[in-house]
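Student: Below: one structure in structure tokens.
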Amino acid sequence: MRCLKSPTLSFRKGYKVMNRLFAFILILLPGICLGASEQRALFILEENKPDKTFSATMVLPNNTNYTFSNWQIAFNFIPTITQVDEGVVSKHVGSFYIISPKTTQNIVSHGKFIFHIQGKGWIKHITDAPSGYFYIMTKPNYPQVTISLKAGADLSKVVREQDKKEQPTAPCPSLLNAEQSLIVPLPVALSPSTGVFVLNPETKIIVSESAKSAIKAADFFTKSISKATGFSLKPQITKTMPIPVNAIIFTNADTGQNLGNEGYTMEVKPSAIVISANTEAGFFYAVQSLRQLLPASVFSQTLQKNEMWSIPSLSIRDYPRFSYRGLLLDVSRHFFSPAQIKRVIDLMSLYKLNRLHLHLTDDEGWRIEVKGYPALTSIGAWRGFNLPLEPQYGSGANRYGGYYTQKEIREMVQYAQQRNVTIIPEIDLPGHARALMKSFSRQLVDVNDASVYTSVQQYDDNVLSPCQEETYTIIDQILTEVAALFPSKVFHVGADEVPSGSWAGSPQCKYWMQKYGLKTMDELKGYFLKRVEAILKSKQKEMAVWDDGVTVDDALDHSTVIYSWADEKKGIRAAEQGYSVVLMPGPYLYLDMAYNSDPAEPGRNWAGLIDTKRVYSYQPINPSLSTSAEEHIQGVQGALWSEHIDSQHLLDYMMFPRLLALAEIAWTRGERQCWDHFSLRFDRVVKKRLEYQGVNYRSKGL
């Protein structure tokens, strides 16, 4: 039961009989919702100390007409609490805390209770503060009652750091004209001309019979502009090219133009537009540039009357810098619906990004249906109070989560393919596996393992055992089902952040290490990865791992793709060894970091502050790279980890405008990049386009 500006109350099941008193309380509870003022817990930062610890005050209100007794407070908080003056931490799992008062304390009607806490880490941004508060109240013989509170924070005592000033950028070689200001990412070559082509209801969309691979792009273009223009244009295939009058013509490119697999040319004249390419991808990207050349209102989902649909005369020759231009979206910490995923695909494909890396599983949730193991979604996809997976990252007491059915995955994959986007799945192994392990009560747990470890995210039970055959049987069956859903040749298995101490107390692992001649835990992890690698090869897939997953240099097959996030030097070394590498360094391309040091700015800060200019400044190819290493750099990828991103509104804010900078460094060659040009294009046109698309971009500046 949810009440506007009032507590959320729920009753935990498990009791079949309610006595008369509890029935009376149940009748009164709706009245509490109707009569209560807003329940808002307040976290007040007192000090960030030089030794990287903090002190804070937590104020807990009771704005009802009833006294709270036998209570505890639960919430999510990423920093580690080390001391509570008036209470004790009775449970701590991941970001989930339960604090109990040290002595029996009632919170009287319209009263409050205060905890003074200390902990490790610094509180810098609003998203560092606790969230997902709820009271837990228990009386003998009664079910537990949970009452949710909204979160408030006072970070006025944050000493705002001096934002790092970027080095002055080199002046752009020349000023942009109006036509060049329209397209992001900037094409390889663009030459303006005079006059405009005007799109109207009689415009013909013509596809040369020899260029049938253009038909999908032509159809996509006509459908994409139909709502705003009201035009019902239909592509037509023809053997004989007509006189080009009031037509958009798709034809094959000359082989000598060296456009590669995704390049195109476009010639816009007042009489006609001619688009040339040799692949579906090339025609699609030409169409995406053509859409950007139209007035920004073409992106509206409603009819735009009295708009003149003019396109400036120009010629374009264009192809990408990197074949891999990606974005990671974490759907495990917070779940995003299929419709939201499709929206992300639309936005990234407009700016010529072509890989969507879906982080489908982690400690906090399993997001994909596996028919052979229904518990993965009946248990692993949901978290909440008294569930196997506790509330995390502000998800609250009530059951929270979701998953994609196999039908929905197929639909998303098809939707992405139509937009030249490949979806790369990630099933995180052997660490970050708590949701997987909780779904299998015993099969994936080594019951004799006495290892003591704590992961970066504060779990002590999230690492699979690599020392029992049942682990590989289950992984094989999961990967068989999941791999069949994704045409992507690459399949990501994480392999990151396996905490020190894992497996050290397992007699079974000691036996396996002796049996297979393994001397260290790193070698045991390498053994696990080679087993998984073989499983994926049997399904015609290439394994991908994070760079900290490779603990034994050059131990994996060179078909494995290395995603370099933690240590760019490690990624470069892998490229020199012959591995394919995707560069996504946290200090430049983690789009979940805060834009600046303002405490009101949402975002994490462990990788530093990352504004749009910081993203744009990243140079993946530098002069120190050897030729062989450069050849193995597939491209770049941004990341949106979702610990604090719990809504479409915030997802948009963290993506834009930084996603545009990512797109340009991925597509446009370094010598063509210029920050002043980029910021001019954003201010002149792109932000209007985003507004018509309903995107909540960060409007406070780049």
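Each chain in the structure tokens gets a letter, A, B, ..., in the order shown, and its residues are numbered from 1; ligands are numbered from 1 in order too.
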Where does DSSP see strand (DSSP E) in segment 211-435 of chain A, if you list the residues as a VMD selection string?
Tutor: chain A and resid 235 to 238 247 to 252 264 to 268 272 to 277 309 to 318 324 to 330 355 to 359 361 to 362 365 to 366 382 to 383 400 to 401 422 to 429
Student: As number ranges by chain, please: all residues of segment 267-309 of chain A that backbone DSSP puts in alpha helix (DSSP H).
Tutor: A: 280-293
Student: With a distance cut-off of 7 Å and only C-alpha atoms, select the neighbouring residues of Pro599 of chain A, excluding the residue or stretch itself and same-chain residues fewer than 6 positions from it, and output the selection as a list in words.
Tutor: Lys124, His125, Ile126 and Leu155 of chain A
Student: So, counting only C-alpha atoms, which residue among A:Lys234, A:Tyr285, A:Glu523, A:Phe197 is closest to Ala272 of chain A?
Tutor: A:Phe197
Student: Using only C-alpha atoms, which protein or nucleic acid residues come within 8 Å of Ser395 of chain A? Drop anything in the same chain fewer than 6 positions from it, and give the result as a list in words.
Tutor: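 Result of the neighbour search: Gly132, Arg383 and Gly384 of chain A.
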Student: I want to know what sits within 7 Å of segment 57-70 of chain A, based on only C-alpha atoms, with residues of the same chain fewer than 4 positions away left out; could you give that as a list in words?
Tutor: Ile32, Ala36, Ser37, Gln39, Arg40, Ala41, Leu42, Phe43, Ile44, Leu45, Glu46, Gln105, Asn106, Ile107, Val108, Ser109, His110, Gly111, Lys112, Phe113, Ile114, Phe115, His116, Ile117, Met137, Thr138 and Lys139 of chain A
Student: Of the residues A:Thr222, A:Ser95, A:Ser564, A:Thr229, which is the one nearest to Leu303 of chain A, using only C-alpha atoms?
Tutor: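 Once distances to Leu303 of chain A are computed over only C-alpha atoms, the minimum belongs to A:Thr229.
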Student: Select, from A:Tyr692, A:Tyr697, A:Phe220, A:Trp667, the residue with the minimum atom-to-atom distance to Gln418 of chain A, counting only C-alpha atoms.
Tutor: A:Phe220
Student: Do you have the atom CA of Asp598 of chain A-atom CA of Pro50 of chain A distance handy?
Tutor: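 Atom CA of Pro50 of chain A lies at a distance of 19.3 Å from atom CA of Asp598 of chain A.
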